[in-house]
Amino acid sequence: MAAQGSAEDGELSSLGPLRGVRVLDLSALGPGPFCSMLLADFGADVISVERPDAPTFDPSAFFSRGKRSAIVNLRAPDGPDVIARLADRADVLLESNRPGTMERRGLGPDVLCARNPRLIYTRLTGWGQDGPYRNRAGHDINYIAVSGALGVIGEDAPVPPLSLVGDIGGGSMVTAFGILMAIIERSATGRGQVIDASIADGSALLNTPQLAELSAGRWAGRGRGMLSGAAPFYGVYRCADDRWFAVGAIEPKFYAEFLSVLGIDDQAGEHQFDPACWPALRERVASVFRDRPMAYWAAAFSDIDGCGAPVLDLEELADDPHLSARGTVVRDGGEVAAAPAPRLSASPGRLRPKPAGRGAHTREVLREAGLGDEEIDRLEANGTVAAQS
């Protein structure tokens with residue numbers, strides 16, 4: 001494993017199952033920084049390499065907890081050499097450039113993995129490293145559109161699911177899984193490998209249940225399936241106060257309790273799975289929910305197995321009794337944050353502090369890579385690196 005961080009920041013990487021794993025994160029947009037945040041939550045020493053000209057609105061800043069920050073200008077003449085020397089001490093390199101960009105800078109996997117055979121070179125992009133779309137510009141919505149994930153969400157028109165399905169689910173989470181598999185493989189072989197992580201690939205993988213329905217001839221189409229909101233027992237309903245309540249009473253015993261608390265009779269549930277009966281029953285259920293506020297329904301469902309839950313707004317999460325008791329969503333200073341997940345009994349993840357500022361650790365990580373103070377001063381003077389800004 002690579003060396004630990006400095007004594008000053010030892011708290012960031014001294015605990016957790018990934019302690020001793022050093023990650024060099026060169027990615028700039030959400031999927032990469034979120035991926036490395038997951039690793040930092042569980043003890044990895046993540047060095048976030050930031051550009052000197054960061055945009056005014058930098059979404060990656062939301063995912064900086066537990067990381068160290070260094071500013072390196074890859075476009076400066078000495079920039080690629082600095083990155084190569086940092087990669088010599090890393091276990092994982094994470095980048096999100098279009099295919100060929102790192103090679104043009106002399107930082108492709110053929111170069112860096114030859115210098116550091118244990119390096120796990122991770123490439124997280126929208127379309128992947130090959131295929132006819134590999135050089136196309138795109139964002140989350142484009143990748144999930146082509147992967148089929150967007151086409152199955154919604155009723156009439158497709159509904160963009162924020163960045164949850166593409167960037168985060170198909171991108172960050174799948175890539176983190178790949179990195180962990182590569183770390184396990186390296187423990188047996190002593191060698192790293194190249195990971196080609198595509199958000200389109202990962203989003204298609206998340207579509208596996210729908211593809212299975214299609215293969216079996218049971219795919220009803222967007223908005224018409226049981227889990228798409230067509231079934232009266234699986235969906236959301238508007239309440240009297242214009243808040244929303246969610247139900248998911250699929251199993252017959254839950255369905256029976258769901259109808260019982262609403263005062264609706266379905267003749268022992270004989271029509272539950274008959275799509276022809278769904279529209280009429282859904283309207284009956286909707287009319288009952290419209291008679292009472294959300295708080296009433298939350299209380300009514302709290303003591304039965306009817307699979308009902310209020311649809312909470314973001315501002316309410318930290319005050320929910322369950323989320324608060326488990327520390328799932330917490331107030332951290334002036335921010336609201338979701339705690340690391342899943343929960344490991346022996347080496348759980350921890351909420352760690354963000355860097356004090358961009359470039360707060362530039363000199364520190366360069367010294368760890370073997371650069372002396374005079375060389376660092378020269379690089380700072382010619383604009384290759386920058387300290388805290």
# chains A, B, ... in the order shown; residues from 1 in each chain; ligands from 1
>>> residues_around(residues="stretch 163-166 of chain A", least_positions_apart="2", cutoff="7 Å", atoms="only C-alpha atoms", output="NGL selection string")
:A and (140 or 143-144 or 161 or 168-171 or 199 or 203)
>>> residues_around(residues="stretch 30-43 of chain A", least_positions_apart="5", cutoff="7 Å", atoms="only C-alpha atoms", output="PyMOL selection string")
chain A and resi 12-19+25+59-60+63-67+96+124+167-168+171-173+175-176+340+348-351
>>> select_by_dssp(residues="stretch 20-201 of chain A", states="strand (DSSP E or B)", output="VMD selection string")
chain A and resid 22 to 25 45 to 50 67 to 72 92 to 95 120 to 125 154 158 194 to 198
>>> residues_around(residues="A:Ala145", least_positions_apart="4", cutoff="12 Å", atoms="only C-alpha atoms", output="JSON, numbers by chain")
{"A": [126, 127, 138, 139, 140, 141, 149, 150, 151, 152, 153, 158, 159, 160, 161, 165, 166, 199, 200, 201, 203, 204, 207]}
>>> write_last_selection(atoms="N, CA and C atoms", output="mmCIF file, in the first residue's frame")
data_model
loop_
_atom_site.group_PDB
_atom_site.id
_atom_site.type_symbol
_atom_site.label_atom_id
_atom_site.label_comp_id
_atom_site.auth_asym_id
_atom_site.auth_seq_id
_atom_site.Cartn_x
_atom_site.Cartn_y
_atom_site.Cartn_z
ATOM 1 N N GLY A 126 -18.459 9.291 -19.805
ATOM 2 C CA GLY A 126 -19.866 9.061 -20.135
ATOM 3 C C GLY A 126 -20.071 7.869 -21.040
ATOM 4 N N TRP A 127 -19.268 7.788 -22.115
ATOM 5 C CA TRP A 127 -19.506 6.776 -23.143
ATOM 6 C C TRP A 127 -18.513 5.623 -23.108
ATOM 7 N N GLY A 138 -21.390 15.135 -23.631
ATOM 8 C CA GLY A 138 -22.632 14.656 -23.041
ATOM 9 C C GLY A 138 -22.681 14.928 -21.555
ATOM 10 N N HIS A 139 -23.876 14.779 -20.997
ATOM 11 C CA HIS A 139 -24.082 14.840 -19.555
ATOM 12 C C HIS A 139 -24.990 13.686 -19.167
ATOM 13 N N ASP A 140 -25.234 13.601 -17.867
ATOM 14 C CA ASP A 140 -26.021 12.511 -17.300
ATOM 15 C C ASP A 140 -27.250 12.169 -18.147
ATOM 16 N N ILE A 141 -28.022 13.179 -18.508
ATOM 17 C CA ILE A 141 -29.287 12.921 -19.199
ATOM 18 C C ILE A 141 -29.071 12.237 -20.541
ATOM 19 N N ALA A 149 -32.265 3.870 -19.435
ATOM 20 C CA ALA A 149 -32.737 4.168 -18.084
ATOM 21 C C ALA A 149 -33.738 5.316 -18.069
ATOM 22 N N LEU A 150 -33.497 6.358 -18.858
ATOM 23 C CA LEU A 150 -34.426 7.488 -18.896
ATOM 24 C C LEU A 150 -35.757 7.081 -19.505
ATOM 25 N N GLY A 151 -35.721 6.213 -20.479
ATOM 26 C CA GLY A 151 -36.931 5.818 -21.189
ATOM 27 C C GLY A 151 -37.917 5.017 -20.378
ATOM 28 N N VAL A 152 -37.492 4.493 -19.221
ATOM 29 C CA VAL A 152 -38.418 3.694 -18.408
ATOM 30 C C VAL A 152 -38.968 4.474 -17.219
ATOM 31 N N ILE A 153 -38.529 5.725 -17.042
ATOM 32 C CA ILE A 153 -38.933 6.503 -15.863
ATOM 33 C C ILE A 153 -39.936 7.577 -16.279
ATOM 34 N N PRO A 158 -40.755 10.924 -20.553
ATOM 35 C CA PRO A 158 -39.681 10.514 -19.637
ATOM 36 C C PRO A 158 -39.392 11.635 -18.633
ATOM 37 N N VAL A 159 -39.058 11.246 -17.403
ATOM 38 C CA VAL A 159 -38.787 12.217 -16.337
ATOM 39 C C VAL A 159 -37.330 12.093 -15.904
ATOM 40 N N PRO A 160 -36.512 13.139 -16.096
ATOM 41 C CA PRO A 160 -35.107 13.069 -15.671
ATOM 42 C C PRO A 160 -35.009 12.868 -14.154
ATOM 43 N N PRO A 161 -34.308 11.824 -13.704
ATOM 44 C CA PRO A 161 -34.207 11.539 -12.263
ATOM 45 C C PRO A 161 -33.022 12.230 -11.602
ATOM 46 N N VAL A 165 -29.453 8.363 -11.219
ATOM 47 C CA VAL A 165 -29.336 7.102 -11.961
ATOM 48 C C VAL A 165 -28.053 7.045 -12.772
ATOM 49 N N GLY A 166 -27.719 8.138 -13.474
ATOM 50 C CA GLY A 166 -26.554 8.123 -14.350
ATOM 51 C C GLY A 166 -25.263 8.439 -13.631
ATOM 52 N N ILE A 199 -20.530 5.687 -17.778
ATOM 53 C CA ILE A 199 -21.825 5.954 -17.149
ATOM 54 C C ILE A 199 -22.950 5.288 -17.936
ATOM 55 N N ALA A 200 -22.833 5.262 -19.257
ATOM 56 C CA ALA A 200 -23.846 4.588 -20.069
ATOM 57 C C ALA A 200 -23.878 3.093 -19.758
ATOM 58 N N ASP A 201 -22.695 2.477 -19.613
ATOM 59 C CA ASP A 201 -22.641 1.052 -19.256
ATOM 60 C C ASP A 201 -23.300 0.806 -17.911
ATOM 61 N N SER A 203 -25.435 2.639 -16.264
ATOM 62 C CA SER A 203 -26.875 2.901 -16.274
ATOM 63 C C SER A 203 -27.642 1.764 -16.923
ATOM 64 N N ALA A 204 -27.070 1.186 -17.969
ATOM 65 C CA ALA A 204 -27.697 0.018 -18.596
ATOM 66 C C ALA A 204 -27.755 -1.150 -17.610
ATOM 67 N N ASN A 207 -30.563 -1.007 -15.335
ATOM 68 C CA ASN A 207 -31.818 -1.302 -16.027
ATOM 69 C C ASN A 207 -32.085 -2.805 -16.118
#
>>> residues_around(residues="A:Pro275", least_positions_apart="6", cutoff="9 Å", atoms="only C-alpha atoms", output="list in words")
Arg224, Gly225, Met226, Ala230 and Ala231 of chain A
>>> write_last_selection(atoms="C-alpha atoms", output="PDB file, in the first residue's frame")
ATOM      1  CA  ARG A 224     -47.765   1.195 -17.305  1.00  0.00           C
ATOM      2  CA  GLY A 225     -45.977  -1.328 -15.101  1.00  0.00           C
ATOM      3  CA  MET A 226     -46.526  -2.187 -11.458  1.00  0.00           C
ATOM      4  CA  ALA A 230     -49.674   2.474 -12.610  1.00  0.00           C
ATOM      5  CA  ALA A 231     -50.586   0.054  -9.819  1.00  0.00           C
TER       6      ALA A 231
END
>>> residues_around(residues="A:Ile195", least_positions_apart="6", cutoff="12 Å", atoms="only C-alpha atoms", output="JSON, numbers by chain")
{"A": [92, 93, 94, 95, 96, 109, 119, 120, 121, 122, 123, 124, 125, 128, 129, 174, 175, 176, 177, 178, 179, 180, 181, 182, 183]}
>>> write_last_selection(atoms="N, CA and C atoms", output="PDB file, in the first residue's frame")
ATOM      1  N   VAL A  92      -4.359   4.341  -6.674  1.00  0.00           N
ATOM      2  CA  VAL A  92      -5.444   4.512  -7.639  1.00  0.00           C
ATOM      3  C   VAL A  92      -5.314   5.892  -8.264  1.00  0.00           C
ATOM      4  N   LEU A  93      -5.448   5.964  -9.575  1.00  0.00           N
ATOM      5  CA  LEU A  93      -5.595   7.243 -10.269  1.00  0.00           C
ATOM      6  C   LEU A  93      -6.978   7.262 -10.893  1.00  0.00           C
ATOM      7  N   LEU A  94      -7.703   8.363 -10.690  1.00  0.00           N
ATOM      8  CA  LEU A  94      -9.060   8.507 -11.223  1.00  0.00           C
ATOM      9  C   LEU A  94      -9.103   9.724 -12.126  1.00  0.00           C
ATOM     10  N   GLU A  95      -9.487   9.522 -13.381  1.00  0.00           N
ATOM     11  CA  GLU A  95      -9.590  10.646 -14.326  1.00  0.00           C
ATOM     12  C   GLU A  95     -10.872  10.528 -15.133  1.00  0.00           C
ATOM     13  N   SER A  96     -11.329  11.683 -15.670  1.00  0.00           N
ATOM     14  CA  SER A  96     -12.617  11.697 -16.359  1.00  0.00           C
ATOM     15  C   SER A  96     -12.554  12.486 -17.658  1.00  0.00           C
ATOM     16  N   PRO A 109      -2.269   5.362 -19.396  1.00  0.00           N
ATOM     17  CA  PRO A 109      -1.954   4.198 -18.562  1.00  0.00           C
ATOM     18  C   PRO A 109      -0.701   3.457 -19.011  1.00  0.00           C
ATOM     19  N   LEU A 119      -0.353   0.527  -9.939  1.00  0.00           N
ATOM     20  CA  LEU A 119      -1.358   1.571 -10.099  1.00  0.00           C
ATOM     21  C   LEU A 119      -2.640   1.029 -10.719  1.00  0.00           C
ATOM     22  N   ILE A 120      -3.763   1.374 -10.123  1.00  0.00           N
ATOM     23  CA  ILE A 120      -5.089   1.065 -10.679  1.00  0.00           C
ATOM     24  C   ILE A 120      -5.558   2.326 -11.390  1.00  0.00           C
ATOM     25  N   TYR A 121      -5.482   2.312 -12.691  1.00  0.00           N
ATOM     26  CA  TYR A 121      -5.739   3.487 -13.527  1.00  0.00           C
ATOM     27  C   TYR A 121      -7.217   3.468 -13.915  1.00  0.00           C
ATOM     28  N   THR A 122      -7.978   4.396 -13.339  1.00  0.00           N
ATOM     29  CA  THR A 122      -9.439   4.368 -13.465  1.00  0.00           C
ATOM     30  C   THR A 122      -9.916   5.506 -14.356  1.00  0.00           C
ATOM     31  N   ARG A 123     -10.654   5.139 -15.403  1.00  0.00           N
ATOM     32  CA  ARG A 123     -11.153   6.112 -16.371  1.00  0.00           C
ATOM     33  C   ARG A 123     -12.678   6.119 -16.306  1.00  0.00           C
ATOM     34  N   LEU A 124     -13.225   7.206 -15.782  1.00  0.00           N
ATOM     35  CA  LEU A 124     -14.677   7.339 -15.624  1.00  0.00           C
ATOM     36  C   LEU A 124     -15.182   8.376 -16.616  1.00  0.00           C
ATOM     37  N   THR A 125     -15.873   7.919 -17.645  1.00  0.00           N
ATOM     38  CA  THR A 125     -16.389   8.806 -18.682  1.00  0.00           C
ATOM     39  C   THR A 125     -17.845   8.473 -18.974  1.00  0.00           C
ATOM     40  N   GLY A 128     -17.407   5.777 -22.389  1.00  0.00           N
ATOM     41  CA  GLY A 128     -16.398   4.724 -22.376  1.00  0.00           C
ATOM     42  C   GLY A 128     -15.239   5.034 -23.308  1.00  0.00           C
ATOM     43  N   GLN A 129     -14.256   4.163 -23.309  1.00  0.00           N
ATOM     44  CA  GLN A 129     -13.021   4.398 -24.049  1.00  0.00           C
ATOM     45  C   GLN A 129     -13.093   3.981 -25.513  1.00  0.00           C
ATOM     46  N   VAL A 174     -20.786   2.389  -9.469  1.00  0.00           N
ATOM     47  CA  VAL A 174     -20.231   1.260 -10.221  1.00  0.00           C
ATOM     48  C   VAL A 174     -18.710   1.379 -10.307  1.00  0.00           C
ATOM     49  N   THR A 175     -18.204   2.606 -10.465  1.00  0.00           N
ATOM     50  CA  THR A 175     -16.756   2.797 -10.544  1.00  0.00           C
ATOM     51  C   THR A 175     -16.082   2.471  -9.218  1.00  0.00           C
ATOM     52  N   ALA A 176     -16.671   2.895  -8.110  1.00  0.00           N
ATOM     53  CA  ALA A 176     -16.111   2.556  -6.802  1.00  0.00           C
ATOM     54  C   ALA A 176     -16.066   1.046  -6.611  1.00  0.00           C
ATOM     55  N   PHE A 177     -17.093   0.356  -7.066  1.00  0.00           N
ATOM     56  CA  PHE A 177     -17.126  -1.106  -7.008  1.00  0.00           C
ATOM     57  C   PHE A 177     -15.973  -1.691  -7.824  1.00  0.00           C
ATOM     58  N   GLY A 178     -15.736  -1.130  -8.996  1.00  0.00           N
ATOM     59  CA  GLY A 178     -14.640  -1.598  -9.838  1.00  0.00           C
ATOM     60  C   GLY A 178     -13.288  -1.383  -9.191  1.00  0.00           C
ATOM     61  N   ILE A 179     -13.110  -0.238  -8.550  1.00  0.00           N
ATOM     62  CA  ILE A 179     -11.845   0.042  -7.870  1.00  0.00           C
ATOM     63  C   ILE A 179     -11.603  -0.954  -6.747  1.00  0.00           C
ATOM     64  N   LEU A 180     -12.634  -1.249  -5.979  1.00  0.00           N
ATOM     65  CA  LEU A 180     -12.477  -2.203  -4.884  1.00  0.00           C
ATOM     66  C   LEU A 180     -12.150  -3.596  -5.412  1.00  0.00           C
ATOM     67  N   MET A 181     -12.765  -3.995  -6.523  1.00  0.00           N
ATOM     68  CA  MET A 181     -12.433  -5.298  -7.111  1.00  0.00           C
ATOM     69  C   MET A 181     -10.985  -5.325  -7.576  1.00  0.00           C
ATOM     70  N   ALA A 182     -10.524  -4.213  -8.158  1.00  0.00           N
ATOM     71  CA  ALA A 182      -9.143  -4.159  -8.626  1.00  0.00           C
ATOM     72  C   ALA A 182      -8.162  -4.206  -7.463  1.00  0.00           C
ATOM     73  N   ILE A 183      -8.518  -3.590  -6.337  1.00  0.00           N
ATOM     74  CA  ILE A 183      -7.659  -3.652  -5.148  1.00  0.00           C
ATOM     75  C   ILE A 183      -7.561  -5.084  -4.643  1.00  0.00           C
TER      76      ILE A 183
END
>>> residues_around(residues="A:Arg243", least_positions_apart="6", cutoff="8 Å", atoms="only C-alpha atoms", output="list in words")
Pro293, Met294 and Val311 of chain A
>>> decode(residues="stretch 290-320 of chain A", atoms="N, CA and C atoms", output="mmCIF file, in the first residue's frame")
data_model
loop_
_atom_site.group_PDB
_atom_site.id
_atom_site.type_symbol
_atom_site.label_atom_id
_atom_site.label_comp_id
_atom_site.auth_asym_id
_atom_site.auth_seq_id
_atom_site.Cartn_x
_atom_site.Cartn_y
_atom_site.Cartn_z
ATOM 1 N N ARG A 290 -56.778 12.470 -0.646
ATOM 2 C CA ARG A 290 -57.002 13.915 -0.772
ATOM 3 C C ARG A 290 -57.824 14.493 0.372
ATOM 4 N N ASP A 291 -58.456 13.630 1.164
ATOM 5 C CA ASP A 291 -59.313 14.108 2.249
ATOM 6 C C ASP A 291 -58.547 14.474 3.510
ATOM 7 N N ARG A 292 -57.305 14.027 3.650
ATOM 8 C CA ARG A 292 -56.560 14.226 4.888
ATOM 9 C C ARG A 292 -55.149 14.747 4.587
ATOM 10 N N PRO A 293 -54.541 15.479 5.534
ATOM 11 C CA PRO A 293 -53.176 15.957 5.332
ATOM 12 C C PRO A 293 -52.148 14.838 5.466
ATOM 13 N N MET A 294 -50.937 15.109 5.007
ATOM 14 C CA MET A 294 -49.904 14.081 5.028
ATOM 15 C C MET A 294 -49.614 13.578 6.437
ATOM 16 N N ALA A 295 -49.602 14.465 7.424
ATOM 17 C CA ALA A 295 -49.301 14.054 8.800
ATOM 18 C C ALA A 295 -50.311 13.021 9.302
ATOM 19 N N TYR A 296 -51.565 13.169 8.888
ATOM 20 C CA TYR A 296 -52.576 12.190 9.294
ATOM 21 C C TYR A 296 -52.231 10.814 8.749
ATOM 22 N N TRP A 297 -51.872 10.765 7.463
ATOM 23 C CA TRP A 297 -51.583 9.468 6.855
ATOM 24 C C TRP A 297 -50.288 8.864 7.399
ATOM 25 N N ALA A 298 -49.326 9.715 7.715
ATOM 26 C CA ALA A 298 -48.088 9.212 8.314
ATOM 27 C C ALA A 298 -48.385 8.542 9.649
ATOM 28 N N ALA A 299 -49.259 9.159 10.446
ATOM 29 C CA ALA A 299 -49.629 8.564 11.729
ATOM 30 C C ALA A 299 -50.449 7.303 11.531
ATOM 31 N N ALA A 300 -51.358 7.320 10.557
ATOM 32 C CA ALA A 300 -52.226 6.155 10.325
ATOM 33 C C ALA A 300 -51.439 4.930 9.884
ATOM 34 N N PHE A 301 -50.399 5.152 9.092
ATOM 35 C CA PHE A 301 -49.609 4.024 8.597
ATOM 36 C C PHE A 301 -48.483 3.619 9.549
ATOM 37 N N SER A 302 -48.252 4.402 10.597
ATOM 38 C CA SER A 302 -47.093 4.148 11.454
ATOM 39 C C SER A 302 -47.195 2.857 12.247
ATOM 40 N N ASP A 303 -48.411 2.396 12.515
ATOM 41 C CA ASP A 303 -48.586 1.206 13.349
ATOM 42 C C ASP A 303 -49.116 0.004 12.592
ATOM 43 N N ILE A 304 -49.113 0.057 11.255
ATOM 44 C CA ILE A 304 -49.592 -1.087 10.478
ATOM 45 C C ILE A 304 -48.538 -1.459 9.434
ATOM 46 N N ASP A 305 -48.653 -2.649 8.905
ATOM 47 C CA ASP A 305 -47.774 -3.089 7.824
ATOM 48 C C ASP A 305 -48.432 -2.803 6.480
ATOM 49 N N GLY A 306 -48.641 -1.506 6.220
ATOM 50 C CA GLY A 306 -49.264 -1.114 4.969
ATOM 51 C C GLY A 306 -48.292 -0.521 3.974
ATOM 52 N N CYS A 307 -47.013 -0.491 4.343
ATOM 53 C CA CYS A 307 -45.950 0.000 3.451
ATOM 54 C C CYS A 307 -46.232 1.419 2.958
ATOM 55 N N GLY A 308 -46.438 2.322 3.906
ATOM 56 C CA GLY A 308 -46.665 3.715 3.548
ATOM 57 C C GLY A 308 -45.648 4.613 4.223
ATOM 58 N N ALA A 309 -45.275 5.696 3.560
ATOM 59 C CA ALA A 309 -44.295 6.633 4.124
ATOM 60 C C ALA A 309 -44.500 8.012 3.523
ATOM 61 N N PRO A 310 -44.304 9.051 4.322
ATOM 62 C CA PRO A 310 -44.431 10.415 3.781
ATOM 63 C C PRO A 310 -43.274 10.728 2.841
ATOM 64 N N VAL A 311 -43.535 11.517 1.816
ATOM 65 C CA VAL A 311 -42.487 11.990 0.915
ATOM 66 C C VAL A 311 -41.898 13.249 1.543
ATOM 67 N N LEU A 312 -40.695 13.114 2.086
ATOM 68 C CA LEU A 312 -40.085 14.216 2.810
ATOM 69 C C LEU A 312 -39.345 15.152 1.866
ATOM 70 N N ASP A 313 -39.368 16.429 2.200
ATOM 71 C CA ASP A 313 -38.538 17.402 1.511
ATOM 72 C C ASP A 313 -37.137 17.364 2.099
ATOM 73 N N LEU A 314 -36.158 17.853 1.343
ATOM 74 C CA LEU A 314 -34.774 17.811 1.801
ATOM 75 C C LEU A 314 -34.599 18.500 3.155
ATOM 76 N N GLU A 315 -35.338 19.580 3.372
ATOM 77 C CA GLU A 315 -35.198 20.331 4.612
ATOM 78 C C GLU A 315 -35.664 19.541 5.835
ATOM 79 N N GLU A 316 -36.426 18.471 5.612
ATOM 80 C CA GLU A 316 -36.997 17.708 6.725
ATOM 81 C C GLU A 316 -36.178 16.490 7.119
ATOM 82 N N LEU A 317 -35.198 16.122 6.303
ATOM 83 C CA LEU A 317 -34.529 14.838 6.495
ATOM 84 C C LEU A 317 -33.842 14.722 7.849
ATOM 85 N N ALA A 318 -33.103 15.749 8.238
ATOM 86 C CA ALA A 318 -32.338 15.669 9.486
ATOM 87 C C ALA A 318 -33.232 15.593 10.712
ATOM 88 N N ASP A 319 -34.520 15.929 10.581
ATOM 89 C CA ASP A 319 -35.441 15.897 11.710
ATOM 90 C C ASP A 319 -36.331 14.658 11.719
ATOM 91 N N ASP A 320 -36.221 13.819 10.700
ATOM 92 C CA ASP A 320 -37.028 12.598 10.699
ATOM 93 C C ASP A 320 -36.568 11.695 11.845
#
